[in-house]
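Structure first, commentary second.
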Amino acid sequence: MNISKLEIVPVRDAFRHEAHNFTLWLESNIDALAQRIGIDLTVLEREKAVGSFNVDLFCEDRNGTYVIIENQLERTDHDHLGKLLTYMVNLGAKTAVWVTPEVRSEHQRVIDWLNKSTGADFSFYLVRVEAVKIADSPYAPLFTVLAAPDEQTREIAETTKELAARDYRCKEFWKGLLERSKDRTNLFAGITPSTRPWIQKSSGRSGVIFVYLIFKDRAGVEVYINTVDQEKNKKIFDLLYAEGATIESEFGDVLGWQRLDEKRASRVRKYIEGYGGLDDPETWPELQDMLIEKMIRLDKVFRQRIRRINI
């Protein structure tokens with residue numbers, strides 16, 4: 001039995017002119033490329049004009065979303081990277097595929113960064129291409145995907161961006177609240193706006209604090225009891241709870257008494273609902289005013305009682 005040897009030929013040796021030969025060859029082998037990157041591709045136009053430039057292959061996927069393919073016969077360079085982004089933006093494409101026989105590590109890192117940093121609806125592929133043949137057979141494409149969107153990495157990136165946006169909103173919310181509270185109370189004077197969904201101030205007793213809370217769709221105030229001694233925390237809570245009816249009468253509203261038996265801490269919380277929350281900036285001023293009012297009342301009914309507890 002005669003077994004022929006597979007010969008790998010550099011693409012630049014197989015095709016002398018990129019536009020007239022390589023792009024035509026790539027177009028005729030688009031199914032092989034599509035299979036490697038996992039996207040069904042239909043070529044809409046070859047050498048489509050973009051201003052004074054031309055994108056090698058202008059395609060669409062099965063959902064009708066535009067895909068651009070930029071190829072070159074040489075090692076990746078800044079010129080083709082710039083073209084890739086230019087074509088993508090000006091043609092409204094969501095996917096870009098860069099096909100080349102040799103990849104610089106610096107450019108591969110850029111494609112990886114774009115996949116991590118852009119939205120989930122954008123995709124970037126970096127594909128190494130080689131020409132192969134057996135004996136006197138025609139050249140066939142050998143595609144190797146070197147960079148592509150990674151769903152897990154993208155999900156982590158999206159989560160990171162969401163958390164960064166939440167942190168920014170939290171800080172802006174607390175800046176507004178602390179500014180509005182200046183003329184009404186000095187309870188939180190000297191507190192710096194936080195990127196966390198809460199800010200706190202001591203009640204005057206170690207381990208017991210007053211807390212402002214902000215959530216996506218509501219907010220709240222609370223007395224949080226969290227000394228290093230769980231038994232002590234429960235005793236403080238129980239002594240306050242014993243006066244619960246009187247405290248609520250003085251506060252002017254029902255409170256949420258949460259002993260949290262399975263945890264070290266306990267708390268007394270009042271949710272404020274119906275005013276929006278972190279995700280509704282238009283309601284922030286009204287919500288901030290309501291929080292300040294509730295905190296002033298909370299301080300008034302709890303501070304002296306907390307100090308009087310002798311345990």
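Each chain of the structure tokens is named A, B, ... in the order shown, its residues numbered from 1; ligands are numbered from 1 in display order.
For region 134-139 of chain A, the residues within 12 Å (counting only C-alpha atoms, excluding itself and residues fewer than 3 positions away along the chain) are Asn2, Ile3, Ser4, Lys5, Leu6, Glu7, Ile8, Val9, Pro10, Val11, Asp13, Ala14, Phe15, Phe22, Trp25, Leu26, Ser28, Asn29, Val129, Glu130, Ala131 and Leu142 of chain A.
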Write the selection just made, keeping C-alpha atoms, as a PDB file, in the first residue's frame?
ATOM      1  CA  ASN A   2       1.315   3.432  -0.982  1.00  0.00           C
ATOM      2  CA  ILE A   3       0.665   6.152   1.544  1.00  0.00           C
ATOM      3  CA  SER A   4       1.181   9.674   0.307  1.00  0.00           C
ATOM      4  CA  LYS A   5       2.795  12.298   2.503  1.00  0.00           C
ATOM      5  CA  LEU A   6       0.853  15.377   3.548  1.00  0.00           C
ATOM      6  CA  GLU A   7       2.770  18.465   2.499  1.00  0.00           C
ATOM      7  CA  ILE A   8       2.228  21.758   4.327  1.00  0.00           C
ATOM      8  CA  VAL A   9       3.004  24.725   2.126  1.00  0.00           C
ATOM      9  CA  PRO A  10       3.299  28.310   3.385  1.00  0.00           C
ATOM     10  CA  VAL A  11       0.335  30.236   2.071  1.00  0.00           C
ATOM     11  CA  ASP A  13       4.336  30.479  -1.418  1.00  0.00           C
ATOM     12  CA  ALA A  14       1.071  29.073  -2.719  1.00  0.00           C
ATOM     13  CA  PHE A  15      -0.428  32.450  -3.579  1.00  0.00           C
ATOM     14  CA  PHE A  22      -5.707  34.185  -1.779  1.00  0.00           C
ATOM     15  CA  TRP A  25      -9.274  30.775  -2.578  1.00  0.00           C
ATOM     16  CA  LEU A  26     -10.523  31.715   0.875  1.00  0.00           C
ATOM     17  CA  SER A  28     -14.200  29.155  -2.228  1.00  0.00           C
ATOM     18  CA  ASN A  29     -13.173  27.452   1.019  1.00  0.00           C
ATOM     19  CA  VAL A 129      -3.988  29.429   7.770  1.00  0.00           C
ATOM     20  CA  GLU A 130      -1.704  27.004   5.986  1.00  0.00           C
ATOM     21  CA  ALA A 131      -2.010  25.353   2.583  1.00  0.00           C
ATOM     22  CA  LEU A 142      -5.685  24.084   7.139  1.00  0.00           C
TER      23      LEU A 142
END
Spatial neighbours of Leu239 (chain A), max dist 12 Å, only C-alpha atoms, sep filter under 2 positions, as a ChimeraX atom specification: /A:232-237,241-244,247,257,259,302,305-311
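For the atom pair formed by CA of Leu24 (chain A) and CA of Phe124 (chain A), the distance is 22.0 Å, given to one decimal.
Nearest to Trp113 (chain A) of all the residues A:Ala189, A:Ala245, A:Ala93, A:Ala147 is A:Ala147, counting only C-alpha atoms.
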Which residues are close to Ile30 (chain A), i.e. within 10 Å by only C-alpha atoms, leaving aside same-chain residues fewer than 6 positions away? Reply as a list of chain:residue names. A:Leu24, A:Arg36, A:Asp40, A:Leu41, A:Thr42, A:Val43, A:Leu57, A:Cys59, A:Pro141
Based on the backbone DSSP call, show me all residues of region 44-262 of chain A assigned strand (DSSP E), as a PyMOL selection string. chain A and resi 44-50+53-60+66-71+95-100+123-134+140-147+198-205+208-214+219-225+256-258
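When only C-alpha atoms are used to measure the gap to Asp279 (chain A), the shortest distance among A:Glu293, A:Glu162, A:Glu222, A:Asp253 belongs to A:Glu162.
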For Ala165 (chain A), the closest of A:Ile69, A:Arg75, A:Leu278, A:Thr246 counting only C-alpha atoms is A:Leu278
Do you know which residues are at most 9 Å from Leu84 (chain A) counting only C-alpha atoms, after dropping those on the same chain fewer than 3 positions away, and could you put them as a PyMOL selection string? chain A and resi 55+68-70+79-81+87-89+96-98
Need to verify the contact set: Ser52 (chain A), 12 Å, only C-alpha atoms, exclusion of same-chain residues closer than 5 positions in sequence. Can you return it as a PyMOL selection string? chain A and resi 47+83+86-87
Would you output that residue set with C-alpha atoms, as a PDB file, in the first residue's frame?
ATOM      1  CA  GLU A  47     -13.584  43.315  -1.795  1.00  0.00           C
ATOM      2  CA  LYS A  83      -8.359  47.730   8.996  1.00  0.00           C
ATOM      3  CA  THR A  86     -12.319  50.056  10.736  1.00  0.00           C
ATOM      4  CA  TYR A  87     -14.297  47.638   8.577  1.00  0.00           C
TER       5      TYR A  87
END
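Comparing the minimum interatomic distances between Val127 (chain A) and each of A:Leu146, A:Leu240, A:Leu114, A:Ile292, counting only C-alpha atoms, we find that A:Leu146 sits nearest.
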Using DSSP on the backbone, list every residue of region 131-219 of chain A that comes out as helix (DSSP H, G or I), and give them as a PyMOL selection string. chain A and resi 151-181
**Request:** Do a neighbour search on Ile37 (chain A) at 8 Å with only C-alpha atoms, toss out local chain neighbours closer than 2 positions, and write the hits as an MDAnalysis selection string.
**Result:** chainID A and resid 33:35 39 125 145 148
Just write the chosen residues, N, CA and C atoms, as a PDB file, in the first residue's frame.
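This went into again.pdb:
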ATOM      1  N   LEU A  33     -13.489  27.281   6.733  1.00  0.00           N
ATOM      2  CA  LEU A  33     -13.230  28.280   7.768  1.00  0.00           C
ATOM      3  C   LEU A  33     -14.406  28.362   8.734  1.00  0.00           C
ATOM      4  N   ALA A  34     -15.615  28.369   8.183  1.00  0.00           N
ATOM      5  CA  ALA A  34     -16.815  28.455   9.020  1.00  0.00           C
ATOM      6  C   ALA A  34     -16.892  27.291  10.000  1.00  0.00           C
ATOM      7  N   GLN A  35     -16.524  26.115   9.534  1.00  0.00           N
ATOM      8  CA  GLN A  35     -16.556  24.932  10.398  1.00  0.00           C
ATOM      9  C   GLN A  35     -15.564  25.068  11.548  1.00  0.00           C
ATOM     10  N   ILE A  39     -19.192  28.967  12.997  1.00  0.00           N
ATOM     11  CA  ILE A  39     -20.212  29.912  12.542  1.00  0.00           C
ATOM     12  C   ILE A  39     -20.565  29.602  11.092  1.00  0.00           C
ATOM     13  N   TYR A 125     -11.979  36.708  16.040  1.00  0.00           N
ATOM     14  CA  TYR A 125     -11.268  35.454  15.811  1.00  0.00           C
ATOM     15  C   TYR A 125      -9.931  35.755  15.131  1.00  0.00           C
ATOM     16  N   VAL A 145      -7.487  27.909  14.861  1.00  0.00           N
ATOM     17  CA  VAL A 145      -7.997  29.065  15.596  1.00  0.00           C
ATOM     18  C   VAL A 145      -7.103  29.336  16.795  1.00  0.00           C
ATOM     19  N   ALA A 148     -10.263  33.284  20.144  1.00  0.00           N
ATOM     20  CA  ALA A 148     -11.699  33.263  19.896  1.00  0.00           C
ATOM     21  C   ALA A 148     -12.427  33.640  21.181  1.00  0.00           C
TER      22      ALA A 148
END
